[in-house]
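K.L.:
For reference, the structure I am asking about is given below.
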Amino acid sequence: EFGSKTVKSVDELKRSLKTIVQNGYAESVDELLDGITSVAVPIYDFSGNVIAAISLTGPSSKINAVTCLDDLLKSNDMISANLGYIKSH
């Protein structure tokens, strides 16, 4: 076990993955280590496949989806566009 909110079951993992797909980003709070948060967004290639992700990780007091998601999404847009991805919406 890692942090106090580490995913501990397959059902919990499935629920978490469903939320990530619906939101379009992942946020991990106290999963690896208590007091540490990561926020990640996917990078798409020219065919719309996810080929990578970018993330920010740091103290939970400074990092959360509210504070960094806009910048991560802007970076996602630039990198994905350079790989030939064209947003459909």
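Letters for chains follow the order of the structure tokens (A, B, ...), residue numbers begin at 1 for each chain, and ligand numbers begin at 1 in the order shown.
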Which neighbours of Asp77 of chain A fall inside 12 Å, counting only C-alpha atoms, when residues of the same chain fewer than 2 positions from it are skipped, and could you give them as a PyMOL selection string?
P.N.:
chain A and resi 41-45+53-54+70-75+79-87
K.L.:
Output N, CA, C and O atoms of each residue in that selection to a file, as a PDB file, in the first residue's frame.
P.N.:
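Everything below was put into selection-v6.pdb:
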ATOM      1  N   VAL A  41      -3.131  14.702 -18.476  1.00  0.00           N
ATOM      2  CA  VAL A  41      -4.000  14.770 -19.653  1.00  0.00           C
ATOM      3  C   VAL A  41      -3.366  13.943 -20.763  1.00  0.00           C
ATOM      4  O   VAL A  41      -2.140  13.800 -20.832  1.00  0.00           O
ATOM      5  N   PRO A  42      -4.196  13.402 -21.668  1.00  0.00           N
ATOM      6  CA  PRO A  42      -3.667  12.580 -22.757  1.00  0.00           C
ATOM      7  C   PRO A  42      -3.096  13.424 -23.891  1.00  0.00           C
ATOM      8  O   PRO A  42      -3.475  14.575 -24.090  1.00  0.00           O
ATOM      9  N   ILE A  43      -2.186  12.823 -24.634  1.00  0.00           N
ATOM     10  CA  ILE A  43      -1.644  13.380 -25.872  1.00  0.00           C
ATOM     11  C   ILE A  43      -2.132  12.472 -27.006  1.00  0.00           C
ATOM     12  O   ILE A  43      -2.010  11.252 -26.929  1.00  0.00           O
ATOM     13  N   TYR A  44      -2.678  13.099 -28.067  1.00  0.00           N
ATOM     14  CA  TYR A  44      -3.239  12.345 -29.191  1.00  0.00           C
ATOM     15  C   TYR A  44      -2.337  12.455 -30.413  1.00  0.00           C
ATOM     16  O   TYR A  44      -1.723  13.486 -30.647  1.00  0.00           O
ATOM     17  N   ASP A  45      -2.333  11.389 -31.227  1.00  0.00           N
ATOM     18  CA  ASP A  45      -1.615  11.443 -32.499  1.00  0.00           C
ATOM     19  C   ASP A  45      -2.580  11.811 -33.621  1.00  0.00           C
ATOM     20  O   ASP A  45      -3.750  12.104 -33.377  1.00  0.00           O
ATOM     21  N   ALA A  53       0.975  10.876 -22.296  1.00  0.00           N
ATOM     22  CA  ALA A  53       0.291  11.784 -21.373  1.00  0.00           C
ATOM     23  C   ALA A  53       1.318  12.753 -20.810  1.00  0.00           C
ATOM     24  O   ALA A  53       2.517  12.459 -20.791  1.00  0.00           O
ATOM     25  N   ILE A  54       0.822  13.908 -20.387  1.00  0.00           N
ATOM     26  CA  ILE A  54       1.672  14.846 -19.657  1.00  0.00           C
ATOM     27  C   ILE A  54       1.019  15.090 -18.309  1.00  0.00           C
ATOM     28  O   ILE A  54      -0.211  15.053 -18.188  1.00  0.00           O
ATOM     29  N   ASP A  70      -6.037  24.005 -16.896  1.00  0.00           N
ATOM     30  CA  ASP A  70      -6.044  24.848 -18.097  1.00  0.00           C
ATOM     31  C   ASP A  70      -4.689  24.826 -18.797  1.00  0.00           C
ATOM     32  O   ASP A  70      -4.618  24.684 -20.023  1.00  0.00           O
ATOM     33  N   ASP A  71      -3.614  24.963 -18.038  1.00  0.00           N
ATOM     34  CA  ASP A  71      -2.276  24.942 -18.636  1.00  0.00           C
ATOM     35  C   ASP A  71      -1.946  23.581 -19.231  1.00  0.00           C
ATOM     36  O   ASP A  71      -1.345  23.489 -20.311  1.00  0.00           O
ATOM     37  N   LEU A  72      -2.329  22.511 -18.544  1.00  0.00           N
ATOM     38  CA  LEU A  72      -2.092  21.171 -19.089  1.00  0.00           C
ATOM     39  C   LEU A  72      -2.874  20.964 -20.382  1.00  0.00           C
ATOM     40  O   LEU A  72      -2.349  20.405 -21.348  1.00  0.00           O
ATOM     41  N   LEU A  73      -4.119  21.417 -20.420  1.00  0.00           N
ATOM     42  CA  LEU A  73      -4.928  21.253 -21.626  1.00  0.00           C
ATOM     43  C   LEU A  73      -4.387  22.081 -22.788  1.00  0.00           C
ATOM     44  O   LEU A  73      -4.410  21.629 -23.944  1.00  0.00           O
ATOM     45  N   LYS A  74      -3.878  23.270 -22.517  1.00  0.00           N
ATOM     46  CA  LYS A  74      -3.252  24.072 -23.572  1.00  0.00           C
ATOM     47  C   LYS A  74      -2.020  23.360 -24.123  1.00  0.00           C
ATOM     48  O   LYS A  74      -1.790  23.330 -25.339  1.00  0.00           O
ATOM     49  N   SER A  75      -1.225  22.779 -23.229  1.00  0.00           N
ATOM     50  CA  SER A  75      -0.048  22.025 -23.660  1.00  0.00           C
ATOM     51  C   SER A  75      -0.461  20.804 -24.467  1.00  0.00           C
ATOM     52  O   SER A  75       0.140  20.495 -25.505  1.00  0.00           O
ATOM     53  N   ILE A  79       0.811  20.101 -28.311  1.00  0.00           N
ATOM     54  CA  ILE A  79       1.587  18.893 -28.626  1.00  0.00           C
ATOM     55  C   ILE A  79       0.800  18.008 -29.582  1.00  0.00           C
ATOM     56  O   ILE A  79       1.338  17.523 -30.586  1.00  0.00           O
ATOM     57  N   SER A  80      -0.478  17.787 -29.284  1.00  0.00           N
ATOM     58  CA  SER A  80      -1.305  16.922 -30.135  1.00  0.00           C
ATOM     59  C   SER A  80      -1.419  17.505 -31.537  1.00  0.00           C
ATOM     60  O   SER A  80      -1.334  16.769 -32.533  1.00  0.00           O
ATOM     61  N   ALA A  81      -1.595  18.820 -31.655  1.00  0.00           N
ATOM     62  CA  ALA A  81      -1.674  19.462 -32.976  1.00  0.00           C
ATOM     63  C   ALA A  81      -0.374  19.264 -33.751  1.00  0.00           C
ATOM     64  O   ALA A  81      -0.396  19.002 -34.966  1.00  0.00           O
ATOM     65  N   ASN A  82       0.759  19.359 -33.064  1.00  0.00           N
ATOM     66  CA  ASN A  82       2.042  19.129 -33.730  1.00  0.00           C
ATOM     67  C   ASN A  82       2.202  17.696 -34.209  1.00  0.00           C
ATOM     68  O   ASN A  82       2.993  17.428 -35.113  1.00  0.00           O
ATOM     69  N   LEU A  83       1.447  16.784 -33.612  1.00  0.00           N
ATOM     70  CA  LEU A  83       1.469  15.384 -34.031  1.00  0.00           C
ATOM     71  C   LEU A  83       0.391  15.099 -35.084  1.00  0.00           C
ATOM     72  O   LEU A  83       0.187  13.958 -35.475  1.00  0.00           O
ATOM     73  N   GLY A  84      -0.310  16.153 -35.516  1.00  0.00           N
ATOM     74  CA  GLY A  84      -1.307  16.008 -36.584  1.00  0.00           C
ATOM     75  C   GLY A  84      -2.713  15.788 -36.115  1.00  0.00           C
ATOM     76  O   GLY A  84      -3.619  15.584 -36.930  1.00  0.00           O
ATOM     77  N   TYR A  85      -2.962  15.868 -34.821  1.00  0.00           N
ATOM     78  CA  TYR A  85      -4.312  15.669 -34.296  1.00  0.00           C
ATOM     79  C   TYR A  85      -5.166  16.896 -34.574  1.00  0.00           C
ATOM     80  O   TYR A  85      -4.733  18.029 -34.356  1.00  0.00           O
ATOM     81  N   ILE A  86      -6.373  16.664 -35.062  1.00  0.00           N
ATOM     82  CA  ILE A  86      -7.333  17.744 -35.305  1.00  0.00           C
ATOM     83  C   ILE A  86      -8.537  17.486 -34.416  1.00  0.00           C
ATOM     84  O   ILE A  86      -9.203  16.450 -34.549  1.00  0.00           O
ATOM     85  N   LYS A  87      -8.822  18.433 -33.522  1.00  0.00           N
ATOM     86  CA  LYS A  87      -9.982  18.306 -32.626  1.00  0.00           C
ATOM     87  C   LYS A  87     -11.269  18.279 -33.425  1.00  0.00           C
ATOM     88  O   LYS A  87     -11.422  19.056 -34.358  1.00  0.00           O
TER      89      LYS A  87
END
K.L.:
Got a sec: who's within 6 Å of segment 31-34 of chain A, counting only C-alpha atoms, leaving out chain neighbours fewer than 5 positions off, as a PyMOL selection string?
P.N.:
chain A and resi 2-3+5-6
K.L.:
Find the residues around Thr37 of chain A up to 8 Å (only C-alpha atoms counted), leave out those fewer than 4 positions away in its own chain, and share them as a CSV table (one decimal) with all heavy atoms, in the first residue's frame.
P.N.:
chain,number,residue,atom,x,y,z
A,27,GLU,N,-6.8,12.8,-12.1
A,27,GLU,CA,-6.2,13.5,-10.9
A,27,GLU,C,-6.0,12.4,-9.8
A,27,GLU,O,-6.9,11.6,-9.5
A,27,GLU,CB,-7.2,14.5,-10.4
A,27,GLU,CG,-6.6,15.3,-9.2
A,27,GLU,CD,-7.5,16.5,-8.8
A,27,GLU,OE1,-8.8,16.4,-9.0
A,27,GLU,OE2,-7.0,17.5,-8.3
A,28,SER,N,-4.8,12.3,-9.3
A,28,SER,CA,-4.5,11.4,-8.3
A,28,SER,C,-4.1,12.2,-7.0
A,28,SER,O,-3.1,12.9,-7.0
A,28,SER,CB,-3.3,10.6,-8.7
A,28,SER,OG,-2.7,9.8,-7.7
A,29,VAL,N,-4.9,12.0,-6.0
A,29,VAL,CA,-4.6,12.7,-4.7
A,29,VAL,C,-4.4,11.7,-3.6
A,29,VAL,O,-5.2,10.8,-3.4
A,29,VAL,CB,-5.8,13.6,-4.3
A,29,VAL,CG1,-5.6,14.3,-3.0
A,29,VAL,CG2,-6.2,14.6,-5.4
A,30,ASP,N,-3.2,11.7,-3.0
A,30,ASP,CA,-2.9,10.8,-1.9
A,30,ASP,C,-2.9,9.4,-2.3
A,30,ASP,O,-3.1,8.5,-1.5
A,30,ASP,CB,-3.8,11.0,-0.7
A,30,ASP,CG,-3.7,12.4,-0.1
A,30,ASP,OD1,-2.7,13.1,-0.2
A,30,ASP,OD2,-4.8,12.9,0.4
A,31,GLU,N,-2.7,9.1,-3.6
A,31,GLU,CA,-2.7,7.6,-4.0
A,31,GLU,C,-1.3,7.0,-3.9
A,31,GLU,O,-1.1,5.9,-3.4
A,31,GLU,CB,-3.2,7.5,-5.4
A,31,GLU,CG,-4.7,7.7,-5.5
A,31,GLU,CD,-5.3,7.4,-6.9
A,31,GLU,OE1,-4.8,6.4,-7.5
A,31,GLU,OE2,-6.2,8.1,-7.3
A,57,THR,N,3.0,17.0,-11.0
A,57,THR,CA,3.0,16.4,-9.7
A,57,THR,C,3.6,17.3,-8.7
A,57,THR,O,4.7,17.9,-9.0
A,57,THR,CB,3.7,15.0,-9.7
A,57,THR,OG1,3.1,14.2,-10.7
A,57,THR,CG2,3.7,14.3,-8.4
A,58,GLY,N,3.0,17.4,-7.5
A,58,GLY,CA,3.6,18.2,-6.5
A,58,GLY,C,2.8,18.1,-5.2
A,58,GLY,O,1.9,17.3,-5.1
A,59,PRO,N,3.1,18.9,-4.2
A,59,PRO,CA,2.4,18.9,-3.0
A,59,PRO,C,0.9,19.3,-3.2
A,59,PRO,O,0.6,20.1,-4.0
A,59,PRO,CB,3.1,20.1,-2.2
A,59,PRO,CG,4.3,20.4,-2.9
A,59,PRO,CD,4.2,20.0,-4.3
A,60,SER,N,0.1,18.5,-2.5
A,60,SER,CA,-1.4,18.7,-2.6
A,60,SER,C,-1.8,20.2,-2.3
A,60,SER,O,-2.8,20.7,-2.8
A,60,SER,CB,-2.1,17.7,-1.8
A,60,SER,OG,-1.9,16.4,-2.2
A,63,ILE,N,-0.8,21.8,-5.9
A,63,ILE,CA,-1.2,21.2,-7.2
A,63,ILE,C,-2.6,20.6,-7.1
A,63,ILE,O,-2.9,19.8,-6.1
A,63,ILE,CB,-0.3,20.0,-7.6
A,63,ILE,CG1,1.2,20.6,-7.8
A,63,ILE,CG2,-0.7,19.3,-8.8
A,63,ILE,CD1,1.4,21.4,-9.0
A,64,ASN,N,-3.5,20.9,-8.0
A,64,ASN,CA,-4.8,20.3,-8.1
A,64,ASN,C,-5.4,20.6,-9.5
A,64,ASN,O,-4.8,21.4,-10.2
A,64,ASN,CB,-5.8,20.7,-7.0
A,64,ASN,CG,-6.1,22.1,-7.0
A,64,ASN,OD1,-6.6,22.7,-8.0
A,64,ASN,ND2,-5.8,22.8,-5.9
K.L.:
Hey, which of A:Ser4, A:Thr19, A:Thr67, A:Ser88 ends up closest to Phe46 of chain A? Count only C-alpha atoms.
P.N.:
A:Ser88
K.L.:
Tell me, in Å to one decimal, how far atom CA of Ala65 of chain A is from atom CA of Ala40 of chain A.
P.N.:
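One can read the atom CA of Ala65 of chain A to atom CA of Ala40 of chain A distance as 8.9 Å.
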K.L.:
I'd like the contact shell of Val39 of chain A - 6 Å cut-off, only C-alpha atoms, skipping same-chain residues fewer than 6 positions apart - returned as a VMD selection string.
P.N.:
chain A and resid 26 to 27 55 to 56
K.L.:
For the selection just defined, write its residues with N, CA, C and O atoms to a file, as an mmCIF file, in the first residue's frame.
P.N.:
data_model
loop_
_atom_site.group_PDB
_atom_site.id
_atom_site.type_symbol
_atom_site.label_atom_id
_atom_site.label_comp_id
_atom_site.auth_asym_id
_atom_site.auth_seq_id
_atom_site.Cartn_x
_atom_site.Cartn_y
_atom_site.Cartn_z
ATOM 1 N N ALA A 26 -6.921 12.925 -15.589
ATOM 2 C CA ALA A 26 -6.811 12.123 -14.374
ATOM 3 C C ALA A 26 -6.246 12.985 -13.256
ATOM 4 O O ALA A 26 -5.365 13.819 -13.479
ATOM 5 N N GLU A 27 -6.777 12.783 -12.069
ATOM 6 C CA GLU A 27 -6.243 13.456 -10.887
ATOM 7 C C GLU A 27 -6.024 12.401 -9.812
ATOM 8 O O GLU A 27 -6.931 11.647 -9.476
ATOM 9 N N SER A 55 1.852 15.310 -17.310
ATOM 10 C CA SER A 55 1.298 15.485 -15.972
ATOM 11 C C SER A 55 2.123 16.476 -15.167
ATOM 12 O O SER A 55 3.268 16.762 -15.496
ATOM 13 N N LEU A 56 1.495 16.981 -14.134
ATOM 14 C CA LEU A 56 2.164 17.786 -13.119
ATOM 15 C C LEU A 56 1.974 17.081 -11.788
ATOM 16 O O LEU A 56 0.882 16.597 -11.489
#
